[in-house]
Every structure is written in structure tokens, then in C-alpha cells.
Amino acid sequence: MTDLKEYFKSTDGLLHKYIVSPSILSSDFSNLQSEILKTESFGAQWCHIDVMDGHFVPNITIGAPVVKSLKNAVKSKLDSHLMIENPLKYIPDFINAGSDIITFHIEASGDNTDECIKLIKDAGILAGISIKPKTPPSVILPYINKIDMVLVMTVEPGFSGQKFMSDAALKIKEIKNTAPKNLIIQVDGGINDETAKICADYGANCFVAGNYVYKNPDMKTAIKSLLG
């Protein structure tokens with residue numbers, strides 16, 4: 001497995017207990033670079049990029065060209081979350097664009113799950129698998145030792161601002177109990193200081209937060225509350 005210590009460091013080199021990956025879906029797209037740089041200045045280590053295709057989820061967002069434009073514009077690790085059908089077809093685009101982490105959905109990869117993982121890992125970047133709220137953790141267990149991260153969705157993927165689903169968060173416990181020691185367990189959906197604490201107690205160590213960070217009048221305090 002990859003040494004993941006560097007992924008817990010903020011851009012100033014400080015090592016944190018948790019990873020914060022603010023979702024740019026909630027940012028001001030007219031000032032995207034400055035928005036991300038602001039999160040970096042407050043300690044966020046990653047930049048979460050929600051890629052939606054209007055098929056796997058009922059919304060369309062952004063693609064590989066945005067990732068490419070950010071690669072040399074920010075210092076954050078580029079955390080590409082592919083909420084798309086046929087991820088195997090598009091993973092090379094996100095590798096070439098400069099993603100540091102690529103996560104795809106087990107519900108979309110079908111018989112190509114191993115190929116998706118291999119493609120990402122062969123590129124020297126982190127590979128993650130995501131599960132929707134109704135998907136049992138058991139479906140990812142055959143791959144748990146091949147990947148770097150599991151993303152547990154605590155809302156139905158597709159739109160920001162949804163309410164945290166506590167039942168979905170319980171799956172973190174089961175994953176933690178079977179996971180390799182250095183697996184990153186990321187959680188996404190309705191994350192704030194209170195729900196992050198719940199997920200951390202279950203075993204999560206990486207938090208995706210959109211509205212709680214980008215819509216917060218005190219972004220610095222919001223990020224610090226997630227860093228632990």
C-alpha cells in the first residue's frame with residue numbers, strides 16, 4: 001500500500017489527524033482558484049471535484065478540463081469523485097488532467113472494477129471506491145486490500161446541501177473493522193462539525209464538506225473544526 005502520510009499534510013507541511021476535502025460544487029465558480037487557495041490557507045489538504053454526468057446521477061457538473069486547469073493553479077491534492085456511468089472509459093482523462101486521487105462508484109463499474117483500480121494505481125495515484133447510501137459494504141470487501149480509499153456517501157449522490165443520513169454513516173464501522181490499517185475512509189454528504197464527529201467516532205478520517213466550508217461566513221473555523 002502507498003504511504004499516505006503526505007496526504008494528511010496541509011500545504012504548509014503541517015500533519016493533521018484528519019483530511020479535509022472541500023467540495024468545489026458549493027464554491028463560487030467565478031472565483032474558483034481564489035476559493036480553493038482560501039481553503040488551503042486555513043489548512044484544507046484536498047480539493048474535492050464532483051464529476052456528474054446526468055446519467056448515473058440526475059445532475060451535470062464538470063469534467064476533466066476543470067481538473068487540468070486547477071493542476072498548476074492550486075497546491076491542494078485534486079480529489080476527483082466520478083459519479084458517472086462507465087468510469088473505465090473516462091478514468092484516463094482524469095489521470096491525464098492531473099488528478100491525485102480518483103474515486104469511482106462500485107455501482108457503476110460493474111465487471112470492470114479490477115480494471116478501474118489497476119488503471120488508476122498504474123498511474124501512480126490513489127484509487128478509491130465509493131458506495132451509495134443503500135449499497136452494503138460487503139460489495140467492496142473483495143477490493144479492500146487493492147485500494148487506498150473508500151468513500152461512504154451519507155446522502156444520495158447528485159446534489160449538494162442534502163441532509164446527513166445517519167444510517168448510511170453506520171457502514172463506516174463495518175468498513176473500519178475489516179479495512180487495512182492505512183486505508184483512508186472518506187465520508188461525503190451533510191458533513192459539518194457535528195456529523196464529522198459522529199463519522200470520526202465510527203472510523204472515518206477524511207471529510208468532504210461543501211456548504212459547511214464554502215457557504216460558511218467563518219471558513220477558517222469550519223475547516224479547523226474538521227481537521228481535529
# chains A, B, ... in the order shown; residues from 1 in each chain; ligands from 1

$ closest_atom_pairs --of "range 89-137 of chain A" --to "range 63-67 of chain A" --cutoff "7 Å" --atoms "only C-alpha atoms" --output "tab-separated table"
residue	atom	partner	partner_atom	distance
A:Asp93	CA	A:Ala64	CA	6.1
A:Phe94	CA	A:Ala64	CA	5.3
A:Ala97	CA	A:Val67	CA	5.8
A:Gly98	CA	A:Val67	CA	6.7
A:Ser99	CA	A:Val67	CA	6.8

$ closest_atom_pairs --of "range 66-110 of chain A" --to "range 46-62 of chain A" --cutoff "9 Å" --atoms "only C-alpha atoms" --output "tab-separated table"
residue	atom	partner	partner_atom	distance
A:Val66	CA	A:Ile62	CA	6.7
A:Val67	CA	A:Ile49	CA	7.8
A:Lys75	CA	A:Trp46	CA	8.5
A:Ser76	CA	A:Trp46	CA	4.8
A:Lys77	CA	A:Trp46	CA	4.5
A:Leu78	CA	A:Cys47	CA	5.2
A:Asp79	CA	A:His48	CA	4.7
A:Ser80	CA	A:Ile49	CA	4.8
A:His81	CA	A:Asp50	CA	5.2
A:Leu82	CA	A:Val51	CA	5.0
A:Met83	CA	A:Met52	CA	5.0
A:Ile84	CA	A:Phe56	CA	5.1
A:Glu85	CA	A:Phe56	CA	5.4
A:Ala108	CA	A:Phe56	CA	7.4

$ residues_around --residues "range 30-38 of chain A" --least-positions-apart "3" --cutoff "10 Å" --atoms "only C-alpha atoms" --output "ChimeraX atom specification"
/A:11,22-24,27,41-44,46-48,66,69-70,73-76,214,219-220

$ write_last_selection --atoms "C-alpha atoms" --output "PDB file, in the first residue's frame"
ATOM      1  CA  THR A  11       0.083  22.805   2.046  1.00  0.00           C
ATOM      2  CA  PRO A  22     -13.853  20.894   0.493  1.00  0.00           C
ATOM      3  CA  SER A  23     -16.270  20.247  -2.362  1.00  0.00           C
ATOM      4  CA  ILE A  24     -15.988  22.915  -5.036  1.00  0.00           C
ATOM      5  CA  SER A  27     -17.861  27.265  -4.253  1.00  0.00           C
ATOM      6  CA  SER A  41      -4.663  28.857   3.735  1.00  0.00           C
ATOM      7  CA  PHE A  42      -6.900  27.528   6.504  1.00  0.00           C
ATOM      8  CA  GLY A  43      -5.411  24.025   6.379  1.00  0.00           C
ATOM      9  CA  ALA A  44      -7.545  22.021   3.932  1.00  0.00           C
ATOM     10  CA  TRP A  46      -7.532  18.330  -0.718  1.00  0.00           C
ATOM     11  CA  CYS A  47      -9.930  19.776  -3.266  1.00  0.00           C
ATOM     12  CA  HIS A  48     -12.997  17.589  -3.900  1.00  0.00           C
ATOM     13  CA  VAL A  66     -11.524  21.785 -14.995  1.00  0.00           C
ATOM     14  CA  SER A  69      -6.964  23.960 -15.240  1.00  0.00           C
ATOM     15  CA  LEU A  70      -6.548  23.571 -11.483  1.00  0.00           C
ATOM     16  CA  ALA A  73      -3.251  26.832 -10.112  1.00  0.00           C
ATOM     17  CA  VAL A  74      -3.574  25.341  -6.610  1.00  0.00           C
ATOM     18  CA  LYS A  75      -1.481  23.231  -4.249  1.00  0.00           C
ATOM     19  CA  SER A  76      -4.304  21.027  -2.938  1.00  0.00           C
ATOM     20  CA  TYR A 214     -17.801  27.400   1.211  1.00  0.00           C
ATOM     21  CA  MET A 219     -14.486  29.337   6.752  1.00  0.00           C
ATOM     22  CA  LYS A 220     -11.372  29.176   8.900  1.00  0.00           C
TER      23      LYS A 220
END

$ residues_around --residues "range 133-138 of chain A" --least-positions-apart "4" --cutoff "7 Å" --atoms "only C-alpha atoms" --output "PyMOL selection string"
chain A and resi 153-156+168+171+175

$ select_by_dssp --residues "range 66-222 of chain A" --states "alpha helix (DSSP H)" --output "MDAnalysis selection string"
chainID A and resid 66:71 87:97 106:109 113:122 166:169 171:178 193:202 211:214 219:222

$ residues_around --residues "Phe207 in chain A" --least-positions-apart "3" --cutoff "7 Å" --atoms "only C-alpha atoms" --output "list in words"
Ile19, Val20, Ser21, Gln186, Val187, Asp188 and Ala196 of chain A

$ atom_distance --atom1 "CA of Ile95 in chain A" --atom2 "CA of Leu119 in chain A"
9.0 Å

$ closest_residue --among "A:Ala169, A:Leu183, A:Cys206, A:Ile117" --to "Leu4 in chain A" --atoms "only C-alpha atoms"
A:Leu183

$ closest_residue --among "A:Ile172, A:Leu126, A:Leu88, A:Ile120" --to "Ile101 in chain A" --atoms "only C-alpha atoms"
A:Leu126

$ residues_around --residues "Met149 in chain A" --least-positions-apart "4" --cutoff "10 Å" --atoms "only C-alpha atoms" --output "ChimeraX atom specification"
/A:101-103,126-130,144-145,179,182-186,206

$ select_by_dssp --residues "chain A" --states "strand (DSSP E)" --output "ChimeraX atom specification"
/A:19-22,46-52,77-83,101-105,126-131,149-153,184-188,206-209

$ atom_distance --atom1 "CA of Pro180 in chain A" --atom2 "CA of Cys199 in chain A"
17.8 Å

$ closest_residue --among "A:Leu141, A:Leu151, A:Ile198, A:Leu14" --to "Glu40 in chain A" --atoms "only C-alpha atoms"
A:Leu14

$ atom_distance --atom1 "CA of Lys132 in chain A" --atom2 "CA of Val152 in chain A"
6.8 Å
